[in-house]
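Engineer: Next comes the structure file entry15.csv, holding CSV, C-alpha atoms and all ligand atoms.
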```csv
chain,number,residue,atom,x,y,z
A,1,VAL,CA,-31.1,8.0,-15.6
A,2,ARG,CA,-29.4,11.3,-16.0
A,3,ILE,CA,-27.7,13.7,-13.6
A,4,ARG,CA,-30.6,16.1,-14.0
A,5,ASP,CA,-32.9,13.5,-12.3
A,6,ILE,CA,-30.6,13.2,-9.3
A,7,LEU,CA,-30.4,17.0,-8.9
A,8,SER,CA,-34.1,17.5,-9.1
A,9,GLY,CA,-34.5,15.0,-6.3
A,10,LYS,CA,-31.8,16.3,-4.0
A,11,GLY,CA,-31.7,20.0,-4.8
A,12,PHE,CA,-29.2,22.4,-6.2
A,13,ASP,CA,-27.5,23.7,-3.1
A,14,VAL,CA,-23.7,23.6,-3.1
A,15,VAL,CA,-21.6,24.7,-0.2
A,16,VAL,CA,-18.7,26.8,-1.4
A,17,ILE,CA,-15.6,28.3,0.3
A,18,LYS,CA,-13.4,31.2,-0.9
A,19,PRO,CA,-9.8,30.3,-1.9
A,20,GLU,CA,-8.4,32.6,0.8
A,21,SER,CA,-10.5,31.0,3.6
A,22,SER,CA,-8.5,28.9,6.0
A,23,VAL,CA,-8.5,25.1,6.2
A,24,ASP,CA,-9.9,25.6,9.8
A,25,GLU,CA,-13.0,27.2,8.3
A,26,LEU,CA,-13.2,24.4,5.8
A,27,LEU,CA,-13.3,21.9,8.6
A,28,ARG,CA,-16.1,23.8,10.3
A,29,LEU,CA,-18.1,23.8,7.0
A,30,LEU,CA,-17.5,20.0,6.5
A,31,ARG,CA,-18.8,19.4,10.1
A,32,ASP,CA,-21.7,21.8,10.2
A,33,HIS,CA,-23.1,20.7,6.8
A,34,ASN,CA,-22.2,17.1,7.2
A,35,LEU,CA,-20.2,17.1,4.0
A,36,GLY,CA,-17.3,15.3,2.5
A,37,SER,CA,-16.3,18.0,0.1
A,38,VAL,CA,-16.6,21.8,-0.6
A,39,VAL,CA,-16.2,23.5,-3.9
A,40,VAL,CA,-13.7,26.4,-3.9
A,41,SER,CA,-15.2,29.5,-5.6
A,42,ARG,CA,-14.8,33.2,-5.1
A,43,ASP,CA,-18.3,34.1,-6.4
A,44,GLY,CA,-20.2,30.9,-6.0
A,45,ARG,CA,-20.4,30.3,-9.8
A,46,VAL,CA,-16.8,30.0,-11.2
A,47,ILE,CA,-15.1,26.9,-9.9
A,48,ASP,CA,-11.5,27.6,-8.6
A,49,GLY,CA,-11.1,24.1,-7.1
A,50,ILE,CA,-12.4,21.4,-4.9
A,51,VAL,CA,-11.3,20.3,-1.4
A,52,THR,CA,-12.4,17.1,0.3
A,53,GLU,CA,-11.8,15.6,3.7
A,54,ARG,CA,-9.2,13.4,2.1
A,55,ASP,CA,-7.1,16.4,1.2
A,56,VAL,CA,-7.1,17.4,4.9
A,57,VAL,CA,-6.5,14.0,6.3
A,58,ARG,CA,-3.5,13.3,4.0
A,59,ARG,CA,-1.7,16.4,5.2
A,60,LEU,CA,-2.3,15.7,8.8
A,61,ALA,CA,0.5,13.1,8.6
A,62,ASP,CA,3.0,16.0,8.4
A,63,GLY,CA,1.6,18.1,11.2
A,64,THR,CA,-1.2,20.6,11.8
A,65,ASP,CA,0.5,23.9,10.6
A,66,PHE,CA,-1.5,23.9,7.4
A,67,LEU,CA,-4.8,24.3,9.3
A,68,GLU,CA,-4.3,28.1,9.3
A,69,ARG,CA,-3.3,28.2,5.7
A,70,PRO,CA,-5.7,29.1,2.9
A,71,VAL,CA,-7.7,26.3,1.3
A,72,ALA,CA,-6.2,27.4,-2.1
A,73,GLU,CA,-2.9,25.7,-0.9
A,74,ILE,CA,-4.5,22.3,-0.5
A,75,MET,CA,-7.3,22.3,-3.1
A,76,THR,CA,-7.3,20.3,-6.4
A,77,THR,CA,-7.4,22.8,-9.2
A,78,HIS,CA,-8.0,20.5,-12.1
A,79,VAL,CA,-11.7,19.7,-11.3
A,80,ARG,CA,-13.6,17.0,-13.0
A,81,THR,CA,-17.1,18.2,-13.7
A,82,CYS,CA,-20.3,16.8,-15.3
A,83,THR,CA,-23.5,18.3,-16.9
A,84,PHE,CA,-27.2,17.8,-16.5
A,85,ALA,CA,-27.3,15.5,-19.6
A,86,ASP,CA,-24.6,13.1,-18.4
A,87,SER,CA,-25.8,9.6,-17.4
A,88,VAL,CA,-25.5,8.3,-13.9
A,89,ASP,CA,-23.8,5.2,-15.4
A,90,SER,CA,-21.0,7.2,-17.0
A,91,LEU,CA,-20.5,9.2,-13.8
A,92,MET,CA,-20.3,6.0,-11.8
A,93,HIS,CA,-17.5,4.8,-14.0
A,94,THR,CA,-15.7,8.2,-13.8
A,95,MET,CA,-15.8,8.1,-10.0
A,96,THR,CA,-14.5,4.6,-9.9
A,97,ASN,CA,-11.7,5.1,-12.4
A,98,GLU,CA,-10.5,8.4,-11.1
A,99,ARG,CA,-11.1,7.6,-7.5
A,100,ILE,CA,-13.1,10.7,-6.7
A,101,ARG,CA,-16.3,10.7,-4.7
A,102,HIS,CA,-17.6,14.2,-5.6
A,103,VAL,CA,-18.3,15.8,-9.0
A,104,PRO,CA,-19.6,19.4,-9.4
A,105,VAL,CA,-22.4,19.8,-12.0
A,106,VAL,CA,-21.9,22.8,-14.4
A,107,ASP,CA,-24.0,24.6,-17.0
A,108,LYS,CA,-22.9,25.1,-20.6
A,109,ASP,CA,-20.7,28.0,-19.6
A,110,GLY,CA,-18.9,25.9,-17.0
A,111,LEU,CA,-20.6,27.6,-14.1
A,112,LEU,CA,-21.5,25.7,-10.9
A,113,ILE,CA,-25.1,24.5,-10.6
A,114,GLY,CA,-25.0,21.5,-8.3
A,115,LEU,CA,-22.9,18.7,-6.9
A,116,VAL,CA,-23.3,14.9,-7.0
A,117,SER,CA,-21.5,12.6,-4.5
A,118,ILE,CA,-20.9,8.9,-4.7
A,119,GLY,CA,-23.7,8.5,-2.2
A,120,ASP,CA,-26.2,10.2,-4.5
A,121,ILE,CA,-25.0,7.9,-7.3
A,122,VAL,CA,-25.3,4.7,-5.3
A,123,LYS,CA,-28.8,5.7,-4.1
A,124,SER,CA,-30.0,6.3,-7.6
A,125,HIS,CA,-28.3,3.0,-8.8
A,126,VAL,CA,-29.9,0.9,-6.1
A,127,THR,CA,-33.4,2.4,-6.8
A,128,ASP,CA,-32.9,1.6,-10.5
A,129,ILE,CA,-31.8,-2.0,-9.8
A,130,GLU,CA,-34.8,-2.5,-7.4
A,131,PHE,CA,-37.2,-1.3,-10.0
A,132,ALA,CA,-35.8,-3.6,-12.7
A,133,LEU,CA,-36.0,-6.5,-10.2
A,134,ASP,CA,-39.6,-5.7,-9.5
A,135,GLN,CA,-40.4,-5.7,-13.2
A,136,LEU,CA,-38.6,-9.0,-13.7
A,137,GLU,CA,-40.4,-10.7,-10.8
A,138,GLY,CA,-43.8,-9.5,-12.2
A,139,TYR,CA,-42.9,-10.8,-15.6
A,140,VAL,CA,-41.8,-14.2,-14.2
A,141,ARG,CA,-45.0,-14.6,-12.1
A,142,SER,CA,-47.4,-13.6,-14.9
B,1,LIG,P1,-12.8,12.4,-2.8
B,1,LIG,O1,-12.8,10.9,-3.0
B,1,LIG,O2,-13.9,13.1,-3.5
B,1,LIG,O3,-12.7,12.7,-1.3
B,1,LIG,O4,-11.5,13.0,-3.5
B,1,LIG,C1,-10.2,12.3,-3.6
B,1,LIG,C2,-9.2,13.3,-4.2
B,1,LIG,O5,-9.6,13.7,-5.5
B,1,LIG,C3,-9.0,14.6,-3.4
B,1,LIG,O6,-7.6,14.9,-3.5
B,1,LIG,C4,-9.9,15.6,-4.0
B,1,LIG,O7,-9.4,16.9,-4.0
B,1,LIG,C5,-9.9,15.1,-5.5
B,1,LIG,N1,-11.2,15.3,-6.1
B,1,LIG,C6,-12.4,15.1,-5.5
B,1,LIG,N2,-13.4,15.4,-6.4
B,1,LIG,C7,-12.8,15.9,-7.5
B,1,LIG,C8,-13.2,16.3,-8.8
B,1,LIG,N3,-14.5,16.4,-9.1
B,1,LIG,N4,-12.3,16.7,-9.7
B,1,LIG,C9,-11.0,16.6,-9.4
B,1,LIG,N5,-10.5,16.2,-8.3
B,1,LIG,C10,-11.4,15.8,-7.3
```
Could you write out this file's structure as structure tokens?
Ligand code: AMP
Structural biologist:
Amino acid sequence: VRIRDILSGKGFDVVVIKPESSVDELLRLLRDHNLGSVVVSRDGRVIDGIVTERDVVRRLADGTDFLERPVAEIMTTHVRTCTFADSVDSLMHTMTNERIRHVPVVDKDGLLIGLVSIGDIVKSHVTDIEFALDQLEGYVRS
């Protein structure tokens, strides 16, 4: 199974935020869209960074002053991306090894076209395993 299969199932919408927008605005986006991460981009195509709920939670330990600061100050700029052609298996390993739960999907020019979360990956993986199990049960019975 490939990333393209996951995206054609769940769609290509990615919620983005501009680097100069505040962390407060980010929190509203996370809440209103029921998300764990938002891609930081000034034009919706070029990826400037990624911010997840974890980036906010970690900083809360030192106070709440940063809530009015721009997301650019808390985002991760070295973003791990994947392409349509990557396998779900390889992305599962990447997420586990690098301890990230969100990976933007980019085209050949590196421009944003989608996003897969660990939830999407688990869903696809479970469907896969159930299918294989069904096949095996049929084979054993026949
Ligand atoms: P997450 O598990 O996705 O909430 O992310 C955990 C940490 O990794 C946070 O500091 C994120 O900013 C960072 N992170 C999340 N996704 C990516 C990604 N695709 N590339 C690089 N860093 C990421």
Engineer: Could you check how far CA of Val140 (chain A) sits from CA of Lys123 (chain A), in Å to one decimal?
Structural biologist: 25.8 Å
Engineer: Mind listing the residues within 7 Å of ligand LIG 1 (chain B), all atoms listed in the file counted, as a compact mmCIF listing (two decimals) with C-alpha atoms, keeping the file's coordinate frame?
Structural biologist:
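File written: out_27.txt
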```txt
# COMPACT_ATOMS: atom_id res chain seq x y z
CA GLY A 36 -17.30 15.30 2.50
CA SER A 37 -16.30 18.00 0.10
CA ILE A 50 -12.40 21.40 -4.90
CA VAL A 51 -11.30 20.30 -1.40
CA THR A 52 -12.40 17.10 0.30
CA GLU A 53 -11.80 15.60 3.70
CA ARG A 54 -9.20 13.40 2.10
CA ASP A 55 -7.10 16.40 1.20
CA MET A 75 -7.30 22.30 -3.10
CA THR A 76 -7.30 20.30 -6.40
CA HIS A 78 -8.00 20.50 -12.10
CA VAL A 79 -11.70 19.70 -11.30
CA ARG A 80 -13.60 17.00 -13.00
CA THR A 81 -17.10 18.20 -13.70
CA ARG A 99 -11.10 7.60 -7.50
CA ILE A 100 -13.10 10.70 -6.70
CA ARG A 101 -16.30 10.70 -4.70
CA HIS A 102 -17.60 14.20 -5.60
CA VAL A 103 -18.30 15.80 -9.00
CA PRO A 104 -19.60 19.40 -9.40
```
Engineer: How many Å lie between CA of Lys10 (chain A) and CA of Val56 (chain A), rounded to one decimal?
Structural biologist: 26.3 Å
Engineer: Using Å and a single decimal, report how far CA of Asp120 (chain A) sits from CA of Met92 (chain A).
Structural biologist: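 So the two atoms, CA of Met92 (chain A) and CA of Asp120 (chain A), lie 10.3 Å apart.
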Engineer: Between A:Ala72, A:Val88, A:Val1, A:Leu60, which one has atoms that come closest to Val116 (chain A), using only C-alpha atoms?
Structural biologist: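 Nearest to Val116 (chain A): A:Val88.
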Engineer: I'd like the contact shell of Leu91 (chain A) - 9 Å cut-off, all atoms listed in the file, skipping same-chain residues fewer than 5 positions apart - returned as JSON, numbers by chain.
Structural biologist: {"A": [3, 82, 86, 96, 103, 121]}
Engineer: Pick the closest to Asp89 (chain A) from A:Arg31, A:Arg42, A:His125, A:Lys108: which is it, counting all atoms listed in the file?
Structural biologist: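 Ranked by minimum distance to Asp89 (chain A), first place goes to A:His125.
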Engineer: Counting all atoms listed in the file, which residue out of A:Leu67, A:Ile47, A:Leu115, A:Val57 sits closest to Ser22 (chain A)?
Structural biologist: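 The answer is A:Leu67, which sits nearest to Ser22 (chain A).
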Engineer: Please identify all polymer residues within 12 Å of Val16 (chain A), counting only C-alpha atoms, omitting same-chain residues fewer than 5 positions from it, and present them as number ranges by chain.
Structural biologist: A: 21, 25-26, 29-30, 33, 35, 37-52, 71, 104, 112-115
